[in-house]
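> The structure is given below, and queries will be raised subsequently.
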Amino acid sequence: MNKHILLAMKWLDDKDSVSKEELEENKRAAYAAYADAAAEAYAEAAHAAYAAAEAADYWVDKYFKESGEDKNEYLKELNK
């Protein structure tokens with residue numbers, strides 16, 4: 001259960017149940033928790049993208065080995 005949402009819901013139900021200071025602290029703590037989670041998610045996504053790029057290189061190289069096609073011809077086409 002998300003304690004930050006719970007506090008906000010408590011305040012919405014009864015505006016006098018939570019002080020302005022508690023709301024401000026809750027806001028800062030929720031933002032910090034979100035920032036940490038976002039940074040972790042970004043790091044995981046970057047790692048996944050890197051792993052995918054490595055896998056793509058492997059399969060592209062394998063294609064050229066198996067097909068016998070000239071990779072340089074493809075590179076020339078990309079550089080046009």
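Ligands are numbered from 1 in the order shown, chains are lettered A, B, ... in the order of the structure tokens, and residues start at 1 in each chain.
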Leaving out A:Glu24 and any residue of its chain fewer than 6 positions from it, which residues lie within 12 Å of it when counting only C-alpha atoms, given as a ChimeraX atom specification?

/A:4,7-8,18,30-31

> What lies within 12 Å of A:Ala33 using only C-alpha atoms, ignoring chain neighbours under 6 positions off, as number ranges by chain?

A: 2-4, 26-27, 39-40

> Between atom CA of A:Tyr42 and atom CA of A:Leu23, what is the distance in Å, rounded to a tenth?

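So the answer is 28.0 Å.
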